[in-house]
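Read the structure below first, then the notes.
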Amino acid sequence: MRPPGPPIPVRALPPHHTETPADLPIVELRMSAHDRRRVRRLVEAPDGAVLALELATGTVLHPGQLLHRDAEAAYVVYAADEDVFVVHPRDIGEAARIAHMIGNLHRDIHVEGSDIIALADDTLADRLEKSGAPFERVRRPFHGKAPGEHAH
C-alpha cells in the first residue's frame with residue numbers, strides 16, 4: 001500500500017512503444033468502456049495512489065495500456081467487468097446479420113472465436129430476442145469501444 005500523498009498528475013501517456021517494466025509491480029486500473037473515455041478525473045488505484053488524469057479531450061484509454069510508472073509501480077489500464085451480451089451465432093450468416101444489427105444501433109462489438117460480445121442494454125436485448133439468435137447476459141470485461149466511440 002502506498003502512503004497517502006498528493007494526487008499524481010498524468011498529463012500525457014507514455015509512448016506506445018513503452019513496455020510495462022518487468023522489475024516493478026503492476027497495479028491494475030480496472031475501467032469500464034465508458035470510464036476509459038473519461039480522461040479528466042481522479043482515479044484511485046488499488047494500492048492507494050490517486051492519479052489525477054489531465055489528458056487531452058478525445059483521448060481514449062485501452063486495456064493493456066501503461067498509464068503511469070514511477071519508482072514504486074506501473075499503472076496499467078484493464079477492462080472492468082460489466083454487463084454484456086454474448087451472442088453464439090449458429091453460422092456465418094447469422095453472425096453477419098447480428099453484427100450488422102448491432103452496428104446499425106451504433107454499438108461496438110468484440111469478437112472472441114465465434115462469439116459476438118456487446119454491451120448490454122434493454123434495446124439490444126429486445127432486438128436479440130426478436131432475431132432468435134442464442135445469447136446470454138453475463139458480467140465480464142468488454143474490450144470494445146464505449147457507446148459514442150463508434151466509427152464508420
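Letters for chains follow the order of the C-alpha cells (A, B, ...), residue numbers begin at 1 for each chain, and ligand numbers begin at 1 in the order shown.
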
Could you please write out, as a tab-separated table (two decimals) with C-alpha atoms, in the first residue's frame, every residue of chain A that DSSP assigns to helix (DSSP H, G or I)?
chain	number	residue	atom	x	y	z
A	35	ASP	CA	-14.63	5.12	-17.99
A	36	ARG	CA	-11.81	4.56	-20.48
A	37	ARG	CA	-13.10	7.70	-22.24
A	92	ILE	CA	-21.59	-17.25	-40.51
A	93	GLY	CA	-24.79	-15.81	-41.98
A	94	GLU	CA	-26.36	-15.33	-38.55
A	95	ALA	CA	-23.09	-13.81	-37.28
A	96	ALA	CA	-23.13	-11.28	-40.14
A	97	ARG	CA	-26.79	-10.38	-39.52
A	98	ILE	CA	-26.22	-9.92	-35.76
A	99	ALA	CA	-23.07	-7.82	-36.27
A	100	HIS	CA	-24.91	-5.67	-38.83
A	101	MET	CA	-27.88	-5.20	-36.49
A	102	ILE	CA	-25.63	-4.16	-33.59
A	103	GLY	CA	-23.70	-1.81	-35.89
A	104	ASN	CA	-26.97	-0.20	-37.00
A	122	ASP	CA	-32.76	-3.20	-22.99
A	123	THR	CA	-32.93	-2.12	-26.64
A	124	LEU	CA	-30.29	-4.62	-27.72
A	125	ALA	CA	-31.91	-7.35	-25.58
A	126	ASP	CA	-35.20	-6.79	-27.42
A	127	ARG	CA	-33.53	-6.92	-30.83
A	128	LEU	CA	-31.57	-10.05	-29.99
A	129	GLU	CA	-34.72	-11.78	-28.70
A	130	LYS	CA	-36.53	-10.95	-31.95
A	131	SER	CA	-33.58	-12.21	-34.03

Give me the residues within 8 Å of Glu136 of chain A as a compact mmCIF listing (two decimals) with N, CA and C atoms, in the first residue's frame, counting only C-alpha atoms and dropping any in the same chain fewer than 3 places off.
# COMPACT_ATOMS: atom_id res chain seq x y z
N PHE A 85 -23.79 -8.81 -23.50
CA PHE A 85 -24.44 -9.94 -24.15
C PHE A 85 -23.37 -10.70 -24.93
N VAL A 86 -23.38 -12.01 -24.77
CA VAL A 86 -22.51 -12.87 -25.56
C VAL A 86 -23.44 -13.63 -26.49
N VAL A 87 -23.32 -13.34 -27.78
CA VAL A 87 -24.16 -13.97 -28.79
C VAL A 87 -23.38 -15.15 -29.37

Would you mind telling me which residue in A:Leu13, A:Val111, A:Ala133, A:Leu51 lies nearest to Gln65 of chain A when using only C-alpha atoms?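 Closest to Gln65 of chain A of all the choices is A:Leu13.
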
Atomic separation - atom CA of Pro46 of chain A relative to atom CA of Met31 of chain A, Å: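 Computing the Euclidean distance for atom CA of Met31 of chain A and atom CA of Pro46 of chain A yields 12.2 Å.
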
Mind giving me the straight-line distance from atom CA of Gly64 of chain A to atom CA of Ile26 of chain A in Å, one decimal? 10.9 Å

Could you tell me how far atom CA of Arg11 of chain A sits from atom CA of Asp81 of chain A, in Å to one decimal place? 26.5 Å

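The smallest atom-to-atom distance between Ala79 of chain A and any of A:Ala33, A:Ala22, A:Ala12, A:Ala56, using only C-alpha atoms, is found for A:Ala33.
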
I need the residues in chain A that are strand (DSSP E or B) according to DSSP; give them as a PyMOL selection string. chain A and resi 8-10+26-31+40-44+50-54+66-69+74-79+81-87+110-112+115-119+135-141

Go ahead and write the selection's residues with C-alpha atoms as a short mmCIF file (atom, residue, chain, number, x, y, z; two decimals), in the first residue's frame.
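That gives us part.cif:
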data_model
loop_
_atom_site.label_atom_id
_atom_site.label_comp_id
_atom_site.auth_asym_id
_atom_site.auth_seq_id
_atom_site.Cartn_x
_atom_site.Cartn_y
_atom_site.Cartn_z
CA ILE A 8 -0.07 12.03 -9.15
CA PRO A 9 -0.67 14.17 -12.26
CA VAL A 10 -0.98 12.26 -15.55
CA ILE A 26 1.77 -3.92 -11.87
CA VAL A 27 -1.21 -2.07 -10.42
CA GLU A 28 -4.38 -2.93 -12.37
CA LEU A 29 -6.66 0.03 -13.01
CA ARG A 30 -10.00 -1.62 -13.83
CA MET A 31 -12.17 0.64 -16.01
CA ARG A 40 -10.08 14.28 -16.85
CA ARG A 41 -10.78 12.89 -13.37
CA LEU A 42 -9.25 11.36 -10.26
CA VAL A 43 -8.62 7.60 -10.30
CA GLU A 44 -7.93 5.79 -7.04
CA VAL A 50 -4.55 8.68 -6.63
CA LEU A 51 -3.91 9.54 -10.27
CA ALA A 52 -5.12 12.92 -11.48
CA LEU A 53 -5.92 12.30 -15.14
CA GLU A 54 -5.42 15.50 -17.10
CA LEU A 66 0.54 1.74 -19.48
CA LEU A 67 -0.94 4.85 -17.87
CA HIS A 68 1.83 5.83 -15.48
CA ARG A 69 5.01 4.45 -13.95
CA ALA A 74 3.48 0.62 -13.09
CA TYR A 75 -0.21 1.53 -13.51
CA VAL A 76 -1.90 -0.33 -16.36
CA VAL A 77 -5.45 0.01 -17.71
CA TYR A 78 -7.55 -3.17 -17.56
CA ALA A 79 -11.13 -3.76 -18.75
CA ASP A 81 -16.37 -6.49 -15.60
CA GLU A 82 -19.61 -5.06 -16.98
CA ASP A 83 -22.95 -6.35 -18.24
CA VAL A 84 -22.56 -7.72 -21.76
CA PHE A 85 -24.44 -9.94 -24.15
CA VAL A 86 -22.51 -12.87 -25.56
CA VAL A 87 -24.16 -13.97 -28.79
CA HIS A 110 -15.81 -7.52 -29.62
CA VAL A 111 -15.35 -10.92 -31.25
CA GLU A 112 -13.87 -13.91 -29.42
CA ASP A 115 -18.90 -15.32 -30.18
CA ILE A 116 -20.01 -11.71 -30.58
CA ILE A 117 -19.86 -9.59 -27.42
CA ALA A 118 -21.65 -6.24 -26.96
CA LEU A 119 -22.51 -4.02 -24.02
CA PHE A 135 -27.34 -15.25 -26.46
CA GLU A 136 -26.71 -14.83 -22.76
CA ARG A 137 -26.25 -11.87 -20.45
CA VAL A 138 -23.09 -12.11 -18.32
CA ARG A 139 -20.65 -9.90 -16.41
CA ARG A 140 -17.21 -9.88 -17.94
CA PRO A 141 -14.68 -7.43 -19.34
#

Using only C-alpha atoms, can you tell me which of A:Val60, A:Pro7, A:Asp121, A:Ile109 comes closest to His34 of chain A?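 Going through A:Val60, A:Pro7, A:Asp121, A:Ile109 one by one, the smallest distance to His34 of chain A is for A:Val60.
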
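Here the question is which of A:Asp91, A:Ala45, A:Ala73, A:Arg38 gets nearest to Leu61 of chain A using only C-alpha atoms, and that residue is A:Arg38.
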